[in-house]
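**Student:** Here's a structure for you.
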Protein chains: 4
Amino acid sequence: MTDIFDTLESEVRSYSRSWPAVFTRAEGARQWAEDGGEYVDFFAGAGALNYGHNNPAVMEPLIRYLQSGAVLHSLDMKTPAKREFLETFRDLILRPRHLDYRVMFPGPTGTNTVEAALKLARKVTGRQHILSFTNAFHGMTLGSLSVTGNSMKRQGAGIPLTNSSKIPYDDYLDGETPDLLWLERVLEDSGSGVDRPAAIIVETVQGEGGVRAARADWLRGLSELCRRHGILLIVDDVQAGCGRTGSFFSFEESGIVPDIVCLSKSISGSGLPMALTLFRPELDVWAPGEHNGTFRGNAPAFVTATAALRTYWADASFQNLLGGTVAQLQRWMQSIVAEVDGASIRGRGLLAGICFENPGTAERVAAESFASGLLVETSGPRNEVLKLMPPLTISTRDLDAGFEILAAAVRAQTREPEPAGV
Amino acid sequence: MTDIFDTLESEVRSYSRSWPAVFTRAEGARQWAEDGGEYVDFFAGAGALNYGHNNPAVMEPLIRYLQSGAVLHSLDMKTPAKREFLETFRDLILRPRHLDYRVMFPGPTGTNTVEAALKLARKVTGRQHILSFTNAFHGMTLGSLSVTGNSMKRQGAGIPLTNSSKIPYDDYLDGETPDLLWLERVLEDSGSGVDRPAAIIVETVQGEGGVRAARADWLRGLSELCRRHGILLIVDDVQAGCGRTGSFFSFEESGIVPDIVCLSKSISGSGLPMALTLFRPELDVWAPGEHNGTFRGNAPAFVTATAALRTYWADASFQNLLGGTVAQLQRWMQSIVAEVDGASIRGRGLLAGICFENPGTAERVAAESFASGLLVETSGPRNEVLKLMPPLTISTRDLDAGFEILAAAVRAQTREPEPAGV
Amino acid sequence: MTDIFDTLESEVRSYSRSWPAVFTRAEGARQWAEDGGEYVDFFAGAGALNYGHNNPAVMEPLIRYLQSGAVLHSLDMKTPAKREFLETFRDLILRPRHLDYRVMFPGPTGTNTVEAALKLARKVTGRQHILSFTNAFHGMTLGSLSVTGNSMKRQGAGIPLTNSSKIPYDDYLDGETPDLLWLERVLEDSGSGVDRPAAIIVETVQGEGGVRAARADWLRGLSELCRRHGILLIVDDVQAGCGRTGSFFSFEESGIVPDIVCLSKSISGSGLPMALTLFRPELDVWAPGEHNGTFRGNAPAFVTATAALRTYWADASFQNLLGGTVAQLQRWMQSIVAEVDGASIRGRGLLAGICFENPGTAERVAAESFASGLLVETSGPRNEVLKLMPPLTISTRDLDAGFEILAAAVRAQTREPEPAGV
Amino acid sequence: MTDIFDTLESEVRSYSRSWPAVFTRAEGARQWAEDGGEYVDFFAGAGALNYGHNNPAVMEPLIRYLQSGAVLHSLDMKTPAKREFLETFRDLILRPRHLDYRVMFPGPTGTNTVEAALKLARKVTGRQHILSFTNAFHGMTLGSLSVTGNSMKRQGAGIPLTNSSKIPYDDYLDGETPDLLWLERVLEDSGSGVDRPAAIIVETVQGEGGVRAARADWLRGLSELCRRHGILLIVDDVQAGCGRTGSFFSFEESGIVPDIVCLSKSISGSGLPMALTLFRPELDVWAPGEHNGTFRGNAPAFVTATAALRTYWADASFQNLLGGTVAQLQRWMQSIVAEVDGASIRGRGLLAGICFENPGTAERVAAESFASGLLVETSGPRNEVLKLMPPLTISTRDLDAGFEILAAAVRAQTREPEPAGV
C-alpha cells in the first residue's frame with residue numbers, strides 16, 4: 001500500500017524507508033507511531049534532540065512566547081529573545097570557559113554555519129585551500145560538501161569539488177604511521193604541492209564517518225600545528241557539541257581553543273532550526289551583510305535555546321549526571337562487544353558506536369531493533385557501525401530498555417547458524 | 001551606548017544597523033519597539049511574512065500542535081503533520097494548477113532549496129554549467145552564491161565562483177537589443193564558448209537585484225528556448241512565490257511550467273524556517289539520502305504551512321482581495337513617482353519598488369521613513385530602489401498609513417533646497 | 001591501403017585526413033607530394049609560414065648557423081643568436097612603432113605564450129577572472145582552452161573550464177545591439193555577477209573562429225573600456241601577427257596599444273617553433289623562473305627570426321608589396337562571391353575567408369580544391385568559411401594559379417543541378 | 001654593465017642569472033663563452049641534450065635535410081621525415097620492448113604532452129580528478145601546473161589549481177609509514193573524500209623535486225594498485241626518459257607498463273623541440289583534431305630524432321656503455337659524500353644528485369663550480385641538491401674533468417672555517 005509520502009515526496013527521502021512508521025507523539029526518549037508502536041529513541045533527531053522530545057523545560061517557555069504576541073521572525077534585527085539568548089550564552093557558556101568568541105547567526109542549519117566558517121577563514125587569510133579529514137561530514141551545500149568525505153554525497157554535487165583536499169583523521173592509517181606526520185611534512189615542504197590552507201576543519205568525533213573519536217593528544221597536536229603554520233582551526237561541533245560528548249563543547253576535554261566553532265542541531269534545545277558560528281574577535285572582518293539569510297532570527301529557537309541553557313548549563317549538575325549515563329552506556333556496549341567476534345566500541349560520551357566486522361551486520365541489527373521498538377541508525381562508509389545517540393536526558397530505565405532490545409538484536413544477527421539437519 | 005548586540009554579535013549583522021530598535025511585539029503589518037515606537041511593516045520579513053506577523057490563522061494551530069505532544073523534529077520521517085501538509089499542498093496548490101510536481105524537503109532555507117535544485121539539474125543532465133541572470137540573488141552558500149550577481153556577496157566566497165555564467169535579464173540592455181538574442185546566439189553556436197548548461201535559474205521578479213520584473217512574454221521566450229535546447233528551467237520563487245506577485249506561484253501569469261521550482265520564505269506561512277524543491281516526476285533521480293539535512297522535518301512549520309494554505313488558498317477569494325491591494329499600492333506609487341523627476345515604478349504585485357535617479361535618495365528615504373514609523377528597505381546594486389513589500393494581508397488602513405509616511409519622506413528627501421538667504 | 005600513419009599514429013591527427021598526400025618538397029607557395037602531385041599553398045602552415053616554405057633568406061643563415069658549432073639549445077641562457085634577435089626585434093619592430101615592451105620567451109608555441117599572458121595578468125591584478133570572446137581560439141592547454149570557444153575542443157578538457165567567461169565579439173549579434181553594450185553594462189554594474197576581470201584577451205581577426213575581423217573602431221572602444229576599468233588588454237597575435245593582416249602587428253591599423261601581446265607561428269620566419277610574450281615594462285612582475293620551459297631558447301628559430309625581420313621589416317617595402325597582394329586577393333574573392341548567392345567575404349589582409357550560406361559548401365570546395373592542386377582549409381564553428389591564408393610572399397602568378405583552382409571548385413560545388421531529363 | 005638581456009628581456013629569466021656568460025659555441029659536453037671561458041656541461045639542456053651538443057650523428061642529417069628542400073613545418077600532415085621517425089621508433093624502441101603504444105604528437109614541449117595525457121585520461125575514464133606526487137614537476141601550463149608541487153610555480157597560476165591532489169612519493173615519509181599505505185586506504189574507502197582519480201601521474205625519478213628516485217618495488221606496487229582500481233598510470237618520462245636512467249624508458253628496470261607515457265626533451269636527439277604522448281591502443285579515443293597545435297610537425301626534429309635512435313638504440317652497445325659512465329659517476333659521488341657530513345646520493349643512472357644537509361651549500365657549490373668552469377644546477381624545494389646530469393655521451397675524460405671541479409668546489413664550501421687568529 002502506497003501513501004502520499006511514496007507518491008508525492010521525492011525519492012531522496014531516506015529515514016522514512018528504514019523506519020516506515022508514522023510518528024504521532026514523542027516525549028523524552030520515547031516515540032509512538034500511528035499503528036500503536038512504541039519506540040525507544042537512540043537517534044535523538046540525529047543529535048538535534050539532546051534534551052529529548054518535547055522537554056517541558058523548553059516547550060513551556062516556547063508556548064508562552066508564541067502566545068505573547070512577540071516577534072517570531074526577525075532576520076538580524078534586535079529582539080528581547082535574541083538579547084536573552086546572547087546574554088545567557090555569554091554568561092553560562094562562554095565566560096565560564098574563558099572563551100572570548102564573537103557570535104554570528106549564519107542561517108539556521110549546520111551547513112549554513114560551516115559555509116560561513118569557510119568563507120570567513122578564506123577572507124581572513126586571503127588563502128583559498130581548506131584541509132578536511134577522511135570520512136568527514138560537514139553538510140550538503142556546495143562549500144560544505146567540498147570538505148565532506150562520503151563519495152555518494154560528493155557525487156551529488158554534479159561538479160568537481162575543488163579548493164580543498166583530504167588528510168588522514170586520527171588513526172586512519174591504523175597506527176602504522178605517526179600522528180599528523182603527513183600533514184607536518186606537506187606543510188613544511190614548499191614543494192609538496194599541498195597549497196598552504198586557510199583553515200583545517202575537524203570534527204572531534206566523526207558522527208557520520210563511523211563514530212570515530214579523535215584522541216585529545218591528537219587534537220592538541222593538530223591545534224599546535226595550526227598555530228605554528230598560521231592556519232585557522234575550525235571545529236565543526238554541530239553534532240558533537242551541546243553536551244553530546246560529556247561537556248558543552250566537544251573540545252573542552254582536550255584543552256584546545258579553536259579559532260572558529262560551528263554549532264547547530266541541539267543549540268536550540270528543542271529541535272527548532274538554529275545555528276551559530278563562533279570566532280575569535282580579531283577574525284570578525286565581515287562587512288555588514290556580507291553573509292546573510294532570511295531565517296537567521298528564528299526567535300522561537302532563541303527562546304528554547306535560552307531555556308535549555310538555563311536548565312542544563314547553569315551549573316555542573318547536568319554535566320555530572322551525564323557522566324553516569326555515559327558509564328551506563330559503556331557497560332552495555334562492553335557487554336555487547338564481548339559477545340561478538342571482532343566487534344569494537346567507537347566514539348566518546350553519548351556519541352557512541354559499535355563497529356561490526358562482518359558487512360551488513362550493523363544494518364541488520366538496526367532493522368531488527370526497529371522491529372522490536374528501538375530507533376538506532378548506522379554510520380560509516382559501509383554502514384558498519386551502529387550509532388548510539390540517545391537523548392542526553394535519557395532515564396536509566398529507558399537506556400536499559402533500549403539496550404535490552406539492542407542486545408537481543410545483536411545476538412540474533414550474530415548467532416552462528418545452526419548446523420543443517422540437526 | 002553599546003548593547004550586547006554590538007559587543008557580542010558579529011559585524012556581519014546589517015538590518016539591526018539601519019533599524020536599531022529592539023522589536024518586542026508584532027501583529028499583522030505592525031511592529032512595536034521596546035522604546036514605545038510603532039512601525040508599519042513594508043518589509044514583511046524580507047518576504048517570509050506574507051500573511052503578517054502572528055497571524056492567528058497560523059498561530060493557533062501551531063500552539064495547539066506544540067501543546068499536543070506531537071513530534072516537533074523528524075528529519076524525513078513520516079508524521080501526520082507532514083502528511084497533512086503534503087495533502088493540502090497537492091489539493092490546494094498543485095492540482096488546481098495542473099502541476100504534477102514531486103515535492104522535496106531540502107532543508108529549511110532558501111539557499112538549501114537552490115543548492116538542491118542545482119545538484120538535481122546537474123545530475124539529471126550530466127552537464128555542469130548553470131546560467132543565471134545579471135543581478136540575480138539565490139543565496140549565500142557556495143553553490144547559490146555562484147549563481148548570484150552581487151559582487152560584494154560574491155567576493156565573500158573567498159574563492160573563484162565557477163561552473164556558472166551570467167546572461168542579461170529582461171531589459172538589462174535597456175531595450176537596445178532584442179529579447180534573449182545573446183542567449184539564443186550562444187546556445188546555437190557550438191563555438192560560442194558558453195558551455196551548454198544543465199539549467200537556467202531565474203527569478204520572475206528580482207527582489208534583491210532592484211525589484212526588476214520580467215515580462216510574461218520574455219519568460220515564455222525563455223521557457224521555450226530552454227525546451228528547444230534541452231535545458232532545465234529553474235524558477236527561484238523563494239521571494240516572489242506564495243502569493244507575493246498576486247498568484248501563488250509567480251510564474252502563473254506567464255503560463256510557463258518550470259522544470260524545477262524553489263520555494264521557501266512564506267511557504268511556512270508563519271516565519272518559521274521551511275523550504276521546498278518541486279520538480280517534474282521524471283527528474284526525480286535522487287538516490288535515497290543523496291541530499292539530506294537535519295532540519296528537513298520542521299513539523300511546526302508544516303503545521304503553519306497547512307493552516308496558511310487552507311486559510312488563504314482554498315478558493316480564489318484571497319487572490320481576488322490581493323488584486324485590490326495591488327491596485328491601491330499602484331495608485332500610491334504613481335502619485336509618488338509623479339512628483340519626483342526620474343523616479344520610476346518597479347516590480348509586480350506586492351513585490352514592488354520605486355527607483356530613484358539620484359544616488360542615495362532611496363537610502364535617505366528609507367532612513368527617514370524608519371524615523372517616522374515605517375520599515376522599508378532598499379534594493380539594487382546601488383541601493384537605488386525603495387523596495388515595497390508589505391504583508392499580503394495588510395489592511396487598506398495600514399497600507400495608507402505606511403504610504404503617508406513614505407510619501408512625506410520622499411518629499412522631504414527630493415525637495416529642491418530653498419535658495420540660501422531667502 | 002593503410003600506412004604507418006594510420007596504424008601507429010593516434011586518431012587525433014586531422015590535416016592528414018583531408019590532405020592524405022605525403023609531402024616531400026616545398027618552396028615558397030608550392031608543395032609537392034610523393035605521388036608527383038603539386039599543390040599551391042593557401043594554408044601556409046596555419047600561419048606559421050608567412051614567408052613561404054624554405055625561404056632562402058632564412059634557410060641560408062640557419063644552415064650556416066648549424067654548421068658553425070654555435071649553441072643550438074640554451075633555455076634562457078645568453079647567446080649571440082638571442083642577442084641578435086632581441087636587438088633586431090627592438091630596432092626594427094618595437095622602436096619604429098614606439099612600443100616599449102619587455103620581451104619574454106615563454107616556451108616555443110602559441111599556447112605557451114597565451115598561458116604566460118594569463119598568468120601574468122592574474123598576478124599583476126590579483127584578480128582571477130578572464131574575459132574572452134565568442135568563437136575565440138587561443139590554444140589547447142588547460143588555461144588557453146578555458147578562453148577558447150570551440151565546444152568540441154573545450155570538451156576535450158574533461159573538466160569544467162573555469163575562471164573565464166565569454167563576451168560577444170564584434171558583430172556577433174549581427175548589428176542588432178550596440179558595440180560593447182553588454183560588456184559596458186556588466187562592468188559598470190556591481191550586481192552583474194560578471195566578476196571584474198584581470199584581463200580581456202582578443203584576436204583582432206578570429207582565424208579559427210570563422211575569419212571574423214574586428215573593426216578598428218570596435219578595437220578602440222574595447223581598449224578604451226579596458227583602460228577605464230583597469231583591465232589589462234591582451235592581444236593574441238599568434239595567427240594575425242607577423243604581417244598577416246598587412247602590418248607587423250595586427251592592431252597597428254587601429255592605433256591601440258595592448259598591455260600584453262602574444263606572438264608565435266611566423267615569428268621564427270621559418271616554421272621553427274618559437275613564441276614571444278610582450279608586455280608593458282611595469283607589468284614585468286615575474287619572479288625569476290616563475291614561468292619556465294625547456295625549449296625557450298631554440299637558437300635556430302632565433303636565427304631565422306632575425307633573418308626574416310632583417311629581410312622583410314627593415315623598411316616599408318615589404319609592407320607596401322603586401323598591399324598589392326591583398327588587393328589581388330580581394331579582387332579574386334569579390335569575383336567568387338559575386339557568383340554565389342549568400343556568399344560573403346571575411347577577414348582582413350591575407351587572413352581572409354569566404355563564407356558560404358549552405359552548410360557543407362566550404363568543405364566540399366576545400367576537398368575539390370585539394371583534388372585539383374590547392375591546399376585550402378575551412379574555419380568557423382560549422383566549417384562554413386573557406387580560409388584563405390597564402391604566404392605573404394606569394395607571387396602574383398601563384399596567387400592567380402591558386403584562385404583559378406578555387407574559383408573552379410566553387411563553381412562546381414555551387415552550380416545549380418541541371419534539371420533532370422534535359 | 002647592463003646588456004640587452006637585462007634591459008629588454010623579462011625578469012622571468014633565471015639560468016642567465018646564475019650563469020651570466022654569453023655562450024657562443026658548444027660541442028659534446030663542453031660549452032665556450034664569448035669571454036673565452038670554457039665549461040664542462042653537467043646540465044645537458046636540463047635533459048634535452050642527452051647526446052651532447054652538436055652531435056655530428058644528428059647534425060649532419062639535419063643539415064642535409066634543410067639543404068634538400070624538404071618540408072620543414074607540416075602540422076600533422078604526412079611527410080617522409082615523419083614516416084621514418086615513426087618506423088624507426090616502432091622498430092628500435094617499441095617492438096624490442098614489446099610495447100604496443102599508439103604515438104601522438106601533442107605539440108613540441110613537455111607541458112604539451114602532459115596536458116594531452118591528462119585530457120586523454122579524463123576522456124577515457126569520464127573521471128576528473130588526477131593524483132600526482134609531492135615534489136612532482138610536470139610543466140608550466142595550467143593543467144600541468146595543477147599536478148606540479150613547487151609552491152612558487154603553483155602560485156604563478158594566479159588561480160586555485162583544482163581537480164588534482166597530492167599523494168606522498170616513495171619514501172616521502174622517511175620510511176615511517178608503509179609504502180602506498182595512504183593511497184591504498186583512500187582508494188578503498190568510499191568515505192575518504194579523495195575522489196576516485198582518472199589517473200595517477202608519476203616521474204620515476206623526480207628531476208626538479210630533488211632528484212628523488214622511486215624504487216622499482218614501489219613502482220610495481222603503484223602500477224598494481226592502479227590496475228586493481230581501474231586508474232590509468234601515466235609516466236612522465238620527459239626528463240628521465242631517452243636513456244637518462246640507463247635504459248630508453250626510465251620504467252624498464254621496474255618492469256611496469258604504464259598506460260600513458262610522456263616524452264619530450266631528448267626525444268629529438270638534438271635539442272630541437274619535440275614531444276610524444278604514447279598510450280595503449282584501446283585508449284586512443286581522441287576525435288580528429290580534438291587536441292591540436294601548430295608545431296606538432298617539426299620535421300627537423302623528426303630527422304634528428306631518427307638519427308639519434310639509429311645511432312644509439314639500434315642495438316645494446318650504447319646502453320652497455322652507459323653502464324660504465326654511471327659507474328664512474330657513482331664512484332665520484334661516493335668519494336664526495338664520504339667527505340661531507342650528512343651528504344647523500346640521490347637519483348638513478350645519469351639523473352643523479354648530491355643532497356647536502358646545510359641549507360645553501362648546494363647553491364654555493366654550484367656557483368663556485370661555474371666560476372671554475374662547470375655548469376651544474378641545483379634542485380629540490382630548498383635547492384638543497386646538486387643535480388648532476390651530464391650528456392649520456394660524455395667521455396671519461398670530460399666526466400673526470402667536471403668532477404674534479406665539483407669536488408674542489410664542495411671541499412671549499414664545506415670545509416670548517418679556520419679558527420680566527422691562527
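Convention: chains lettered A, B, ... in C-alpha cells order; per-chain residue numbering from 1; ligands numbered from 1 as shown.
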Any idea what's packed within 9 Å of Val12 (chain B), counting only C-alpha atoms, ignoring anything in its chain fewer than 2 positions away? Could you give it as number ranges by chain?
**Tutor:** A: 104-105, 284-292; B: 9-10, 14
**Student:** Export, as a short mmCIF file (atom, residue, chain, number, x, y, z; two decimals), in the first residue's frame, the selected residues with N, CA, C and O atoms.
**Tutor:**
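And here's out35.cif as it stands now:
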```
data_model
loop_
_atom_site.label_atom_id
_atom_site.label_comp_id
_atom_site.auth_asym_id
_atom_site.auth_seq_id
_atom_site.Cartn_x
_atom_site.Cartn_y
_atom_site.Cartn_z
N MET A 104 27.99 34.71 15.63
CA MET A 104 27.33 35.01 14.35
C MET A 104 26.15 34.05 14.18
O MET A 104 26.27 32.86 14.49
N PHE A 105 25.04 34.60 13.70
CA PHE A 105 23.87 33.77 13.36
C PHE A 105 23.88 33.61 11.84
O PHE A 105 23.50 34.53 11.12
N ASP A 284 36.79 38.83 13.20
CA ASP A 284 35.46 39.35 12.81
C ASP A 284 35.60 40.46 11.76
O ASP A 284 35.32 41.62 12.01
N VAL A 285 36.03 40.05 10.57
CA VAL A 285 36.28 41.02 9.50
C VAL A 285 35.14 41.07 8.50
O VAL A 285 35.27 41.66 7.42
N TRP A 286 34.04 40.51 8.83
CA TRP A 286 32.87 40.56 7.94
C TRP A 286 32.48 42.01 7.65
O TRP A 286 32.46 42.84 8.54
N ALA A 287 32.11 42.27 6.43
CA ALA A 287 31.39 43.50 6.11
C ALA A 287 29.92 43.28 6.46
O ALA A 287 29.43 42.15 6.37
N PRO A 288 29.21 44.33 6.88
CA PRO A 288 27.79 44.16 7.19
C PRO A 288 27.04 43.54 6.02
O PRO A 288 27.15 44.01 4.88
N GLY A 289 26.32 42.45 6.29
CA GLY A 289 25.51 41.81 5.25
C GLY A 289 26.28 40.95 4.28
O GLY A 289 25.69 40.41 3.34
N GLU A 290 27.58 40.80 4.49
CA GLU A 290 28.38 40.01 3.53
C GLU A 290 27.92 38.55 3.49
O GLU A 290 28.05 37.88 2.48
N HIS A 291 27.45 38.07 4.61
CA HIS A 291 26.76 36.76 4.63
C HIS A 291 25.41 37.02 5.28
O HIS A 291 25.35 37.59 6.37
N ASN A 292 24.32 36.65 4.63
CA ASN A 292 23.02 36.90 5.26
C ASN A 292 22.10 35.71 5.08
O ASN A 292 22.56 34.60 4.78
N GLU B 9 27.75 40.27 19.16
CA GLU B 9 27.35 39.73 17.86
C GLU B 9 28.33 40.19 16.78
O GLU B 9 28.92 41.27 16.86
N SER B 10 28.47 39.37 15.77
CA SER B 10 29.44 39.64 14.70
C SER B 10 29.10 40.91 13.92
O SER B 10 27.94 41.31 13.81
N SER B 14 23.28 43.35 9.71
CA SER B 14 23.03 44.53 8.86
C SER B 14 21.71 45.23 9.16
O SER B 14 21.71 46.45 9.37
#
```
**Student:** Produce a table with one row for each residue of chain C that has an atom at most 6 Å from any atom of chain B, each row naming the nearest atom pair and its distance in Å at one decimal; use only C-alpha atoms; arrange rows by chain and rising residue number; format as a Markdown table.
**Tutor:**
```
| residue | atom | partner | partner_atom | distance |
| --- | --- | --- | --- | --- |
| C:Thr134 | CA | B:Ser192 | CA | 4.3 |
| C:Asn135 | CA | B:Gly191 | CA | 4.8 |
| C:Gly149 | CA | B:Gly193 | CA | 3.5 |
| C:Asn150 | CA | B:Gly191 | CA | 4.0 |
| C:Ser151 | CA | B:Ser190 | CA | 5.5 |
| C:Thr162 | CA | B:Thr162 | CA | 5.6 |
| C:Thr177 | CA | B:Thr177 | CA | 4.8 |
| C:Ser190 | CA | B:Ser151 | CA | 5.5 |
| C:Gly191 | CA | B:Asn150 | CA | 4.0 |
| C:Ser192 | CA | B:Thr134 | CA | 4.3 |
| C:Gly193 | CA | B:Gly149 | CA | 3.5 |
| C:Pro381 | CA | B:Gly191 | CA | 5.0 |
```
**Student:** Select from region 2-64 of chain B everything DSSP, run on the backbone, classes as helix (DSSP H, G or I), then give the selection as a VMD selection string.
**Tutor:** chain B and resid 4 to 8 15 to 18 44 to 47 56 to 64
**Student:** Please produce a file of the residues just selected, as a CSV table (one decimal), in the first residue's frame, where the atoms kept are N, CA, C and O atoms.
**Tutor:**
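So part_19.csv came out as:
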```
chain,number,residue,atom,x,y,z
B,4,ILE,N,24.5,44.5,24.0
B,4,ILE,CA,25.2,43.2,23.7
B,4,ILE,C,25.2,42.8,22.2
B,4,ILE,O,26.0,42.1,21.8
B,5,PHE,N,24.2,43.4,21.5
B,5,PHE,CA,24.3,43.1,20.0
B,5,PHE,C,25.5,43.7,19.4
B,5,PHE,O,26.1,43.2,18.5
B,6,ASP,N,25.9,44.9,19.9
B,6,ASP,CA,27.2,45.5,19.4
B,6,ASP,C,28.4,44.8,19.9
B,6,ASP,O,29.4,44.7,19.1
B,7,THR,N,28.4,44.3,21.1
B,7,THR,CA,29.7,43.8,21.6
B,7,THR,C,29.9,42.3,21.4
B,7,THR,O,31.0,41.9,21.3
B,8,LEU,N,28.8,41.6,21.4
B,8,LEU,CA,29.0,40.1,21.2
B,8,LEU,C,28.7,39.6,19.8
B,8,LEU,O,29.3,38.6,19.4
B,15,TYR,N,20.6,44.5,9.2
B,15,TYR,CA,19.3,45.2,9.4
B,15,TYR,C,19.3,46.0,10.7
B,15,TYR,O,18.7,47.0,10.9
B,16,SER,N,20.0,45.4,11.7
B,16,SER,CA,20.0,46.0,13.1
B,16,SER,C,20.8,47.3,13.1
B,16,SER,O,20.7,48.1,14.0
B,17,ARG,N,21.5,47.6,12.0
B,17,ARG,CA,22.2,48.8,11.9
B,17,ARG,C,21.2,49.9,11.4
B,17,ARG,O,21.2,51.0,11.9
B,18,SER,N,20.5,49.6,10.3
B,18,SER,CA,19.5,50.6,9.8
B,18,SER,C,18.3,50.8,10.7
B,18,SER,O,17.8,51.9,10.8
B,44,ALA,N,8.0,42.9,5.8
B,44,ALA,CA,7.4,41.5,5.9
B,44,ALA,C,8.5,40.4,5.9
B,44,ALA,O,8.4,39.4,5.2
B,45,GLY,N,9.5,40.6,6.8
B,45,GLY,CA,10.5,39.6,7.0
B,45,GLY,C,11.2,39.2,5.7
B,45,GLY,O,11.5,38.0,5.4
B,46,ALA,N,11.4,40.3,4.9
B,46,ALA,CA,12.1,40.0,3.6
B,46,ALA,C,11.3,39.0,2.7
B,46,ALA,O,11.8,38.2,2.0
B,47,GLY,N,10.0,39.0,2.9
B,47,GLY,CA,9.1,38.1,2.2
B,47,GLY,C,8.7,36.8,2.9
B,47,GLY,O,8.0,36.0,2.4
B,56,PRO,N,-3.3,34.9,13.6
B,56,PRO,CA,-4.0,33.9,14.4
B,56,PRO,C,-4.3,32.6,13.6
B,56,PRO,O,-4.4,31.6,14.2
B,57,ALA,N,-4.6,32.8,12.3
B,57,ALA,CA,-4.9,31.6,11.5
B,57,ALA,C,-3.8,30.6,11.5
B,57,ALA,O,-4.1,29.4,11.3
B,58,VAL,N,-2.6,31.0,11.7
B,58,VAL,CA,-1.5,30.0,11.7
B,58,VAL,C,-1.0,29.8,13.2
B,58,VAL,O,-0.5,28.7,13.5
B,59,MET,N,-1.1,30.9,14.0
B,59,MET,CA,-0.5,30.7,15.4
B,59,MET,C,-1.4,29.8,16.2
B,59,MET,O,-0.8,29.1,17.0
B,60,GLU,N,-2.7,29.8,16.1
B,60,GLU,CA,-3.5,29.0,16.9
B,60,GLU,C,-3.2,27.5,16.6
B,60,GLU,O,-3.0,26.7,17.6
B,61,PRO,N,-3.2,27.1,15.4
B,61,PRO,CA,-2.9,25.6,15.2
B,61,PRO,C,-1.5,25.3,15.6
B,61,PRO,O,-1.2,24.2,16.1
B,62,LEU,N,-0.6,26.2,15.5
B,62,LEU,CA,0.8,26.0,15.9
B,62,LEU,C,0.9,25.7,17.4
B,62,LEU,O,1.5,24.7,17.9
B,63,ILE,N,0.2,26.6,18.2
B,63,ILE,CA,0.2,26.4,19.7
B,63,ILE,C,-0.5,25.1,20.1
B,63,ILE,O,0.1,24.4,20.9
B,64,ARG,N,-1.6,24.9,19.4
B,64,ARG,CA,-2.2,23.6,19.7
B,64,ARG,C,-1.3,22.4,19.5
B,64,ARG,O,-1.3,21.5,20.2
```
**Student:** Which residues come within 10 Å of Thr88 (chain B), counting only C-alpha atoms, excluding same-chain residues fewer than 2 positions away, as a PyMOL selection string?
**Tutor:** chain B and resi 82-86+90-94+305-307+309-310+313-314
**Student:** Counting only C-alpha atoms, what is within 9 Å of Gly28 (chain C), bar same-chain residues fewer than 2 positions away, as a ChimeraX atom specification?
**Tutor:** /C:26,30-31,41,51-55,391,393-395
**Student:** Excluding Arg346 (chain C) and its own-chain neighbours fewer than 2 positions away, which residues fall within 12 Å of it when counting only C-alpha atoms? Please give them as a ChimeraX atom specification.
**Tutor:** /C:205-207,209-215,329-330,333-334,337,343-344,348-356,379-380,384-389
**Student:** Quote the spacing between CA of Thr294 (chain B) and CA of Gly293 (chain A) in Å to one decimal place.
**Tutor:**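 Result for CA of Thr294 (chain B) versus CA of Gly293 (chain A): 17.7 Å, one decimal.
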**Student:** Can you tell me, as a VMD selection string, which residues in region 11-109 of chain B count as strand (DSSP E or B) by DSSP?
**Tutor:** chain B and resid 22 to 28 30 to 33 38 to 41 53 70 73 78 102 to 104
**Student:** How many Å separate CA of Gly269 (chain C) from CA of Arg13 (chain C)?
**Tutor:**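 Distance between the two atoms: 24.8 Å.
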**Student:** Looking at only C-alpha atoms, which of A:Ile201, A:Val410, A:Val71, A:Ala301 is the one that sits closest to Cys226 (chain A)?
**Tutor:**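 Smallest separation from Cys226 (chain A) among the options: A:Ile201.
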**Student:** Would you work out the distance separating CA of Ile234 (chain D) from CA of Ile200 (chain D), expressed in Å to one decimal?
**Tutor:**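 Separating CA of Ile234 (chain D) from CA of Ile200 (chain D) is a distance of 6.1 Å.
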**Student:** Name the residues in contact with Asn112 (chain D) at a cut-off of 8 Å, using only C-alpha atoms, excluding same-chain residues fewer than 6 positions from it; report them as a list in words.
**Tutor:** Thr141 of chain C; Pro106 and Ala275 of chain D
